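*Asks:* Just so it is clear, I am handing over input_16.csv, which has CSV, C-alpha atoms.
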```csv
chain,number,residue,atom,x,y,z
Q,1,MET,CA,147.9,271.8,42.0
Q,2,GLY,CA,144.2,271.4,41.6
Q,3,PHE,CA,141.2,270.1,43.6
Q,4,GLU,CA,138.4,267.8,42.6
Q,5,LEU,CA,136.1,269.3,45.3
Q,6,PRO,CA,137.3,272.9,45.6
Q,7,PHE,CA,134.2,274.2,47.3
Q,8,LEU,CA,135.2,272.3,50.5
Q,9,LEU,CA,138.1,274.6,50.9
Q,10,SER,CA,135.6,277.3,51.9
Q,11,VAL,CA,135.5,275.6,55.3
Q,12,LEU,CA,139.0,276.9,55.8
Q,13,LEU,CA,137.5,280.3,56.3
Q,14,LEU,CA,136.4,279.1,59.8
Q,15,ILE,CA,140.0,278.5,60.9
Q,16,PRO,CA,140.7,282.2,61.8
Q,17,LEU,CA,137.5,282.2,63.9
Q,18,LEU,CA,138.7,279.1,65.8
Q,19,VAL,CA,142.1,280.7,66.4
Q,20,TRP,CA,140.4,283.9,67.7
Q,21,VAL,CA,138.3,281.8,70.1
Q,22,TYR,CA,141.3,279.9,71.3
Q,23,TRP,CA,143.4,283.0,71.8
Q,24,ARG,CA,140.6,284.7,73.7
Q,25,ARG,CA,140.1,281.8,76.1
Q,26,VAL,CA,143.8,281.7,76.8
Q,27,ARG,CA,144.0,285.5,77.4
Q,28,ASP,CA,141.0,285.4,79.7
Q,29,GLY,CA,142.2,282.4,81.5
Q,30,THR,CA,139.0,280.4,80.8
Q,31,ALA,CA,140.7,277.4,79.2
Q,32,SER,CA,139.5,274.3,80.8
Q,33,ALA,CA,141.9,272.8,83.4
Q,34,HIS,CA,141.7,271.1,86.8
Q,35,VAL,CA,144.3,271.7,89.4
Q,36,LEU,CA,144.5,271.0,93.1
Q,37,TYR,CA,146.2,274.3,94.0
Q,38,PRO,CA,145.3,277.0,91.4
Q,39,ASN,CA,147.8,279.5,92.8
Q,40,VAL,CA,150.7,277.2,92.1
Q,41,THR,CA,149.9,277.2,88.3
Q,42,GLN,CA,151.3,280.7,88.0
Q,43,LEU,CA,154.8,279.3,88.9
Q,44,ALA,CA,154.5,276.6,86.2
Q,45,ARG,CA,153.5,279.2,83.6
Q,46,ILE,CA,156.5,281.3,84.4
Q,47,ALA,CA,158.9,278.4,84.2
Q,48,GLU,CA,157.6,277.2,80.9
Q,49,PRO,CA,158.4,278.9,77.6
Q,50,ARG,CA,155.4,280.6,76.1
Q,51,TRP,CA,155.6,278.7,72.7
Q,52,LYS,CA,155.4,275.4,74.5
Q,53,ARG,CA,152.1,276.2,75.9
Q,54,HIS,CA,150.6,276.7,72.5
Q,55,LEU,CA,152.5,274.0,70.6
Q,56,SER,CA,149.9,271.3,71.0
Q,57,ALA,CA,147.1,273.6,69.9
Q,58,GLY,CA,149.1,274.8,66.9
Q,59,LEU,CA,149.8,271.3,65.7
Q,60,TYR,CA,146.1,270.5,66.2
Q,61,GLY,CA,145.2,273.5,64.0
Q,62,LEU,CA,147.6,272.5,61.3
Q,63,ALA,CA,146.2,269.0,61.4
Q,64,LEU,CA,142.7,270.3,60.9
Q,65,VAL,CA,143.8,272.5,58.0
Q,66,LEU,CA,145.5,269.6,56.2
Q,67,ALA,CA,142.5,267.3,56.9
Q,68,LEU,CA,140.2,269.8,55.2
Q,69,VAL,CA,142.5,270.1,52.2
Q,70,ALA,CA,142.6,266.3,51.9
Q,71,LEU,CA,138.8,266.3,51.9
Q,72,ALA,CA,138.9,268.6,48.8
Q,73,ARG,CA,140.8,265.8,47.0
Q,74,PRO,CA,143.9,267.7,45.9
Q,75,GLN,CA,145.5,266.7,42.6
Q,76,ALA,CA,149.0,267.2,41.3
Q,77,VAL,CA,150.6,266.8,37.9
Q,78,ILE,CA,153.5,264.4,38.1
Q,79,PRO,CA,155.6,262.7,35.3
Q,80,ALA,CA,154.5,259.2,34.4
Q,81,PRO,CA,156.1,256.7,32.0
Q,82,ASP,CA,154.8,256.9,28.5
Q,83,ASN,CA,154.8,253.4,27.0
Q,84,LEU,CA,153.8,254.8,23.6
Q,85,ALA,CA,156.9,257.0,23.4
Q,86,THR,CA,159.7,256.4,20.9
Q,87,VAL,CA,163.2,257.9,21.4
Q,88,ILE,CA,165.9,257.8,18.8
Q,89,VAL,CA,169.5,258.4,20.1
Q,90,THR,CA,171.5,259.9,17.3
Q,91,ILE,CA,175.3,260.1,17.7
Q,92,ASP,CA,178.0,261.8,15.5
Q,93,ILE,CA,180.8,259.3,15.0
Q,94,SER,CA,183.0,261.4,12.8
Q,95,ARG,CA,186.8,261.3,13.5
Q,96,SER,CA,186.7,264.8,15.0
Q,97,MET,CA,185.2,263.0,18.1
Q,98,ARG,CA,188.8,262.0,18.9
Q,99,ALA,CA,189.5,265.5,20.2
Q,100,GLN,CA,190.4,265.5,23.9
Q,101,ASP,CA,189.0,268.9,24.8
Q,102,ILE,CA,186.3,266.9,26.5
Q,103,GLU,CA,187.8,264.4,29.1
Q,104,PRO,CA,188.9,261.8,28.4
Q,105,ASP,CA,187.9,262.5,24.8
Q,106,ARG,CA,184.7,263.5,23.0
Q,107,PHE,CA,183.8,260.0,21.7
Q,108,THR,CA,184.3,258.2,25.0
Q,109,ALA,CA,182.3,260.9,26.9
Q,110,ALA,CA,179.5,260.9,24.3
Q,111,LYS,CA,179.1,257.1,24.4
Q,112,LYS,CA,179.2,257.0,28.2
Q,113,GLU,CA,176.6,259.7,28.7
Q,114,ALA,CA,174.3,258.4,25.9
Q,115,GLN,CA,174.3,255.0,27.7
Q,116,ASN,CA,173.4,256.7,31.0
Q,117,PHE,CA,170.6,258.6,29.2
Q,118,VAL,CA,169.2,255.3,27.8
Q,119,ARG,CA,169.3,253.8,31.3
Q,120,SER,CA,167.2,256.8,32.6
Q,121,LEU,CA,164.4,256.3,30.2
Q,122,PRO,CA,161.2,254.5,31.4
Q,123,ASP,CA,161.2,250.7,30.7
Q,124,GLY,CA,158.2,250.9,28.3
Q,125,ALA,CA,159.6,253.5,26.0
Q,126,LYS,CA,161.0,252.3,22.7
Q,127,VAL,CA,164.6,253.4,22.1
Q,128,GLY,CA,166.5,253.3,18.8
Q,129,LEU,CA,170.1,254.1,17.9
Q,130,VAL,CA,171.4,256.0,14.8
Q,131,SER,CA,175.0,256.8,14.1
Q,132,PHE,CA,176.3,259.1,11.4
Q,133,ALA,CA,179.6,260.2,9.9
Q,134,GLY,CA,179.7,260.6,6.1
Q,135,TYR,CA,176.5,258.5,6.0
Q,136,ALA,CA,173.9,257.4,8.5
Q,137,THR,CA,173.3,254.0,9.9
Q,138,LEU,CA,170.3,252.6,11.9
Q,139,GLU,CA,172.3,250.6,14.5
Q,140,VAL,CA,169.2,249.5,16.5
Q,141,GLU,CA,165.6,249.7,15.5
Q,142,PRO,CA,163.3,251.1,18.2
Q,143,THR,CA,162.9,248.5,21.0
Q,144,THR,CA,162.0,248.2,24.6
Q,145,ASP,CA,165.2,246.2,25.1
Q,146,HIS,CA,167.3,249.1,26.3
Q,147,GLN,CA,170.3,247.0,27.2
Q,148,ARG,CA,170.6,246.1,23.5
Q,149,VAL,CA,170.9,249.8,22.7
Q,150,ILE,CA,173.4,250.4,25.5
Q,151,ASP,CA,175.6,247.5,24.3
Q,152,GLN,CA,175.5,248.8,20.7
Q,153,ILE,CA,176.6,252.3,21.7
Q,154,ASP,CA,179.7,250.7,23.2
Q,155,LEU,CA,180.5,249.1,19.9
Q,156,LEU,CA,180.3,252.3,17.8
Q,157,GLN,CA,183.4,253.1,15.8
Q,158,MET,CA,184.5,256.4,14.2
Q,159,ALA,CA,184.4,257.1,10.5
Q,160,ARG,CA,185.2,260.0,8.0
Q,161,ARG,CA,183.2,263.2,7.4
Q,162,THR,CA,180.0,264.5,9.0
Q,163,ALA,CA,176.4,264.3,7.6
Q,164,ILE,CA,174.1,265.7,10.2
Q,165,GLY,CA,171.2,265.9,7.8
Q,166,ASP,CA,171.5,262.2,6.9
Q,167,GLY,CA,171.6,261.3,10.6
Q,168,LEU,CA,168.4,263.3,11.3
Q,169,LEU,CA,166.7,261.8,8.2
Q,170,GLU,CA,167.6,258.2,9.2
Q,171,SER,CA,166.3,258.9,12.7
Q,172,LEU,CA,162.9,260.1,11.3
Q,173,LYS,CA,162.7,257.0,9.1
Q,174,ALA,CA,163.3,254.7,12.1
Q,175,ILE,CA,160.3,256.0,14.0
Q,176,PRO,CA,157.3,253.6,13.9
Q,177,LYS,CA,154.4,255.1,11.9
Q,178,ASP,CA,150.8,254.4,11.0
Q,179,GLU,CA,149.2,254.2,7.6
Q,180,ASN,CA,149.2,258.0,7.3
Q,181,ASP,CA,153.0,258.1,7.9
Q,182,LYS,CA,152.5,259.7,11.3
Q,183,PRO,CA,154.3,258.4,14.5
Q,184,LEU,CA,152.4,255.9,16.5
Q,185,GLY,CA,153.1,257.8,19.7
Q,186,PRO,CA,155.1,260.8,21.0
Q,187,SER,CA,158.4,260.6,19.3
Q,188,THR,CA,161.7,262.3,20.1
Q,189,VAL,CA,165.2,262.5,18.5
Q,190,VAL,CA,168.2,263.3,20.7
Q,191,LEU,CA,171.0,264.3,18.2
Q,192,LEU,CA,174.6,264.9,19.3
Q,193,SER,CA,177.2,266.3,17.0
Q,194,ASP,CA,180.6,267.9,17.4
Q,195,GLY,CA,181.1,269.3,13.9
Q,196,ARG,CA,179.6,270.8,10.7
Q,197,THR,CA,177.9,269.2,7.8
Q,198,ASN,CA,180.4,268.4,5.0
Q,199,ALA,CA,178.5,265.5,3.4
Q,200,GLY,CA,175.0,264.5,2.5
Q,201,ILE,CA,171.8,266.5,2.7
Q,202,ASP,CA,171.5,269.9,4.4
Q,203,PRO,CA,170.0,269.3,7.9
Q,204,LEU,CA,167.8,272.4,7.6
Q,205,GLU,CA,166.1,270.7,4.6
Q,206,VAL,CA,165.2,267.7,6.8
Q,207,THR,CA,164.0,269.8,9.8
Q,208,PRO,CA,160.6,270.6,8.2
Q,209,PHE,CA,159.8,266.9,7.8
Q,210,ALA,CA,160.4,266.4,11.6
Q,211,LYS,CA,158.1,269.4,12.3
Q,212,ASP,CA,155.4,268.0,10.0
Q,213,MET,CA,155.6,264.6,11.7
Q,214,GLY,CA,155.3,266.2,15.1
Q,215,VAL,CA,158.7,264.8,16.1
Q,216,VAL,CA,160.6,266.8,18.7
Q,217,VAL,CA,164.4,267.1,18.1
Q,218,HIS,CA,166.7,267.9,20.9
Q,219,THR,CA,170.3,268.8,19.9
Q,220,ILE,CA,173.6,268.8,21.7
Q,221,GLY,CA,176.7,270.5,20.4
Q,222,LEU,CA,179.8,268.8,21.8
Q,223,GLY,CA,183.2,270.4,22.2
Q,224,ARG,CA,184.7,273.7,23.1
Q,225,ARG,CA,183.8,276.7,20.9
Q,226,SER,CA,186.9,277.4,18.9
Q,227,ASN,CA,188.5,280.8,18.4
Q,228,PRO,CA,189.6,281.3,14.8
Q,229,SER,CA,192.3,283.7,15.9
Q,230,ASP,CA,193.9,281.1,18.2
Q,231,PRO,CA,196.8,279.4,16.4
Q,232,ASP,CA,196.5,276.4,18.8
Q,233,GLN,CA,193.0,275.7,17.4
Q,234,GLN,CA,193.7,276.2,13.7
Q,235,TRP,CA,194.8,272.7,13.2
Q,236,GLY,CA,191.8,270.6,12.4
Q,237,GLY,CA,189.8,273.9,12.0
Q,238,PHE,CA,186.5,272.3,11.2
Q,239,TRP,CA,186.8,269.6,13.9
Q,240,MET,CA,187.3,272.0,16.8
Q,241,GLN,CA,184.0,273.8,16.3
Q,242,PHE,CA,180.5,272.4,16.1
Q,243,ASP,CA,177.7,274.1,14.0
Q,244,GLU,CA,175.9,275.8,16.9
Q,245,GLU,CA,173.6,277.9,14.7
Q,246,THR,CA,172.3,274.8,12.8
Q,247,LEU,CA,171.9,272.7,15.9
Q,248,ARG,CA,170.0,275.5,17.6
Q,249,SER,CA,167.8,276.0,14.6
Q,250,ILE,CA,166.8,272.4,14.4
Q,251,ALA,CA,165.8,272.2,18.0
Q,252,GLU,CA,163.9,275.5,18.1
Q,253,SER,CA,162.0,274.6,14.8
Q,254,THR,CA,160.7,271.3,16.3
Q,255,GLY,CA,160.0,272.5,19.8
Q,256,GLY,CA,163.1,270.9,21.3
Q,257,GLN,CA,166.0,272.1,23.4
Q,258,TYR,CA,169.5,272.9,22.4
Q,259,TYR,CA,172.5,272.3,24.7
Q,260,ALA,CA,176.1,273.4,24.2
Q,261,ALA,CA,178.3,270.8,26.0
Q,262,GLU,CA,181.8,272.3,26.4
Q,263,SER,CA,182.8,269.9,29.2
Q,264,ALA,CA,182.0,266.4,30.3
Q,265,GLU,CA,179.9,267.8,33.2
Q,266,ALA,CA,177.9,270.0,30.8
Q,267,LEU,CA,177.3,266.9,28.6
Q,268,ARG,CA,176.2,264.9,31.6
Q,269,GLN,CA,173.8,267.6,32.7
Q,270,ALA,CA,172.3,268.0,29.2
Q,271,TYR,CA,171.5,264.3,29.1
Q,272,ARG,CA,170.2,264.4,32.7
Q,273,ASN,CA,167.8,267.3,31.8
Q,274,LEU,CA,166.5,265.4,28.8
Q,275,GLY,CA,166.1,262.2,30.8
Q,276,ARG,CA,163.6,264.0,33.0
Q,277,VAL,CA,161.3,264.9,30.1
Q,278,VAL,CA,161.9,262.5,27.2
Q,279,GLY,CA,159.8,259.3,27.4
Q,280,TRP,CA,157.5,260.7,30.2
Q,281,LYS,CA,154.1,262.4,30.1
Q,282,PRO,CA,152.4,264.7,32.6
Q,283,GLN,CA,149.7,262.9,34.5
Q,284,ARG,CA,147.2,264.3,37.0
Q,285,THR,CA,147.2,262.2,40.2
Q,286,GLU,CA,145.2,262.6,43.4
Q,287,VAL,CA,147.5,263.3,46.4
Q,288,SER,CA,144.8,263.5,49.1
Q,289,GLY,CA,146.5,260.5,50.8
Q,290,LEU,CA,149.6,262.5,51.5
Q,291,PHE,CA,147.7,265.4,53.1
Q,292,GLY,CA,145.7,262.9,55.1
Q,293,LEU,CA,148.9,261.2,56.3
Q,294,ALA,CA,150.5,264.5,57.3
Q,295,ALA,CA,147.3,265.5,59.1
Q,296,GLY,CA,147.3,262.2,61.1
Q,297,VAL,CA,151.0,262.7,62.0
Q,298,LEU,CA,150.4,266.2,63.3
Q,299,LEU,CA,147.3,265.2,65.2
Q,300,ALA,CA,149.1,262.3,66.9
Q,301,SER,CA,152.0,264.7,67.8
Q,302,SER,CA,149.5,267.2,69.2
Q,303,LEU,CA,147.9,264.6,71.4
Q,304,LEU,CA,151.2,263.2,72.5
Q,305,ILE,CA,152.5,266.6,73.5
Q,306,SER,CA,149.3,267.5,75.2
Q,307,ASN,CA,149.5,264.3,77.3
Q,308,LEU,CA,153.1,264.9,78.2
Q,309,ARG,CA,152.3,268.3,79.5
Q,310,ARG,CA,149.7,267.1,81.9
Q,311,GLN,CA,151.2,267.4,85.3
Q,312,VAL,CA,149.7,267.0,88.8
Q,313,ILE,CA,151.1,269.8,91.0
```
Could you quickly redo this structure as structure tokens?

*Replies:*
Amino acid sequence: MGFELPFLLSVLLLIPLLVWVYWRRVRDGTASAHVLYPNVTQLARIAEPRWKRHLSAGLYGLALVLALVALARPQAVIPAPDNLATVIVTIDISRSMRAQDIEPDRFTAAKKEAQNFVRSLPDGAKVGLVSFAGYATLEVEPTTDHQRVIDQIDLLQMARRTAIGDGLLESLKAIPKDENDKPLGPSTVVLLSDGRTNAGIDPLEVTPFAKDMGVVVHTIGLGRRSNPSDPDQQWGGFWMQFDEETLRSIAESTGGQYYAAESAEALRQAYRNLGRVVGWKPQRTEVSGLFGLAAGVLLASSLLISNLRRQVI
């Protein structure tokens, strides 16, 4: 929170003085009032709760404080759509995604939540889709037609092997660039994998390119962490355990976040968290209108309560 005219807040220092004057007048009984029978007012004061006698004045004081804050023109930083942003959704389609440790299975859950993630992105952001198994494929070039990406996610089919490095490299190639080979705007890759690289280039060799380009890579490890000593998880060995160390390193090296999704809910929450930051930019916005509106409501309430308390005895 900041203020365009912060010096006006110094007027708030007068508020304690006004409270003191009000309280002294109430204590000394010098508050202005007109009654036909002064002695009867004591009965009214006894019957009425003490807080009710000061409610109107309290609301008036709060309204005054908020009005002064509004005059200082407060500003808040809120997320705003970034129409220059590019987001590449990169999904592992290796056959290990058939595993059912994530309900109903890894592949179905991954596609569903990736689609929800795309839906959460601002309309102006360009979204692309890359899939990878033993090789990487650019399924959809970055576009503002988000429905096209959503539809293509639904059509993804599994294939053999896992090439995380190729998936990341293909994602970087898909990002629109200028003549200096730099992204045209803020660019992000959201990469999901459930396994370990067993084909293609080492992903840690690609990571420096993402860092040099200024591309933030968020990674999601999908599946339950396997226990090598558990005989029930020895079948498929490689497929029951994702490469957490590599995924974390990729994210940390590029300024991204790493998420371990060991359940459908954890996967959903990971994409939700990313949906709040990816494709958005912080923007300072004046919010004096909100403070002014609140001040008006409190002032109206104060006057209404004061009018209702007027009684002729």

*Asks:* Which polymer residues have any atom within 8 Å of an atom of region 90-97 of chain Q, counting all atoms listed in the file, with same-chain residues fewer than 6 positions away left out, as JSON, numbers by chain?

*Replies:* {"Q": [105, 106, 107, 110, 129, 130, 131, 132, 133, 134, 156, 157, 158, 159, 160, 161, 162, 164, 167, 168, 171, 189, 190, 191, 192, 193, 194, 195, 239, 240]}

*Asks:* Measuring atom to atom with only C-alpha atoms, identify which of Q:Val140, Q:Ile150, Q:Asp243, Q:Val287 is nearest to Glu113 (chain Q).

*Replies:*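 Distance minimum relative to Glu113 (chain Q) lands on Q:Ile150.
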
*Asks:* Just how far from CA of Leu204 (chain Q) is CA of Gln241 (chain Q), in Å to one decimal?

*Replies:*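 Between CA of Gln241 (chain Q) and CA of Leu204 (chain Q) the gap is 18.4 Å.
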
*Asks:* Just to confirm, what's the straight-line distance from CA of Leu9 (chain Q) to CA of Glu286 (chain Q) in Å (one decimal)?

*Replies:* 15.8 Å

*Asks:* Calculate how many Å separate CA of Glu205 (chain Q) from CA of Thr86 (chain Q), rounding to one decimal.

*Replies:*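 Separation of CA of Glu205 (chain Q) and CA of Thr86 (chain Q): 22.6 Å.
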
*Asks:* Identify the residues within 7 Å of coordinate (181.4, 268.4, 21.6) (same frame as the file), considering only C-alpha atoms, and give the answer as a PyMOL selection string.

*Replies:* chain Q and resi 106+193-194+221-224+242+261-262

*Asks:* Mind dumping the selected residues with C-alpha atoms as an mmCIF file, keeping the file's coordinate frame?

*Replies:*
```cif
data_model
loop_
_atom_site.group_PDB
_atom_site.id
_atom_site.type_symbol
_atom_site.label_atom_id
_atom_site.label_comp_id
_atom_site.auth_asym_id
_atom_site.auth_seq_id
_atom_site.Cartn_x
_atom_site.Cartn_y
_atom_site.Cartn_z
ATOM 1 C CA ARG Q 106 184.700 263.500 23.000
ATOM 2 C CA SER Q 193 177.200 266.300 17.000
ATOM 3 C CA ASP Q 194 180.600 267.900 17.400
ATOM 4 C CA GLY Q 221 176.700 270.500 20.400
ATOM 5 C CA LEU Q 222 179.800 268.800 21.800
ATOM 6 C CA GLY Q 223 183.200 270.400 22.200
ATOM 7 C CA ARG Q 224 184.700 273.700 23.100
ATOM 8 C CA PHE Q 242 180.500 272.400 16.100
ATOM 9 C CA ALA Q 261 178.300 270.800 26.000
ATOM 10 C CA GLU Q 262 181.800 272.300 26.400
#
```

*Asks:* Which residues, written as a PDB file with C-alpha atoms, in the coordinates of the input, have at least one atom at most 12 Å from Ile78 (chain Q), with all atoms listed in the file counted and residues fewer than 5 positions away on the same chain left out?

*Replies:*
```
ATOM      1  CA  MET Q   1     147.900 271.800  42.000  1.00  0.00           C
ATOM      2  CA  ARG Q 276     163.600 264.000  33.000  1.00  0.00           C
ATOM      3  CA  VAL Q 277     161.300 264.900  30.100  1.00  0.00           C
ATOM      4  CA  TRP Q 280     157.500 260.700  30.200  1.00  0.00           C
ATOM      5  CA  LYS Q 281     154.100 262.400  30.100  1.00  0.00           C
ATOM      6  CA  PRO Q 282     152.400 264.700  32.600  1.00  0.00           C
ATOM      7  CA  GLN Q 283     149.700 262.900  34.500  1.00  0.00           C
ATOM      8  CA  ARG Q 284     147.200 264.300  37.000  1.00  0.00           C
ATOM      9  CA  THR Q 285     147.200 262.200  40.200  1.00  0.00           C
ATOM     10  CA  GLU Q 286     145.200 262.600  43.400  1.00  0.00           C
ATOM     11  CA  VAL Q 287     147.500 263.300  46.400  1.00  0.00           C
TER      12      VAL Q 287
END
```

*Asks:* For a quick check of your reading of the model, name the residues lying within 10 Å of the coordinate (148.1, 264.1, 63.3), counting all atoms listed in the file, and write them as a list in words.

*Replies:* Leu59, Tyr60, Gly61, Leu62, Ala63, Leu64, Leu66, Ala67, Gly292, Leu293, Ala294, Ala295, Gly296, Val297, Leu298, Leu299, Ala300, Ser301, Ser302, Leu303 and Leu304 of chain Q

*Asks:* Smallest atom-to-atom distance to Ala270 (chain Q): which of Q:Gln257, Q:Ser10, Q:Thr108, Q:Ser56, using only C-alpha atoms?

*Replies:*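 Comparing Q:Gln257, Q:Ser10, Q:Thr108, Q:Ser56 against Ala270 (chain Q), the winner is Q:Gln257.
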
*Asks:* Using only C-alpha atoms, which of Q:Ala109, Q:Leu84, Q:Ala264, Q:Ala174 sits nearest Gly128 (chain Q)?

*Replies:*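 Closest candidate: Q:Ala174.
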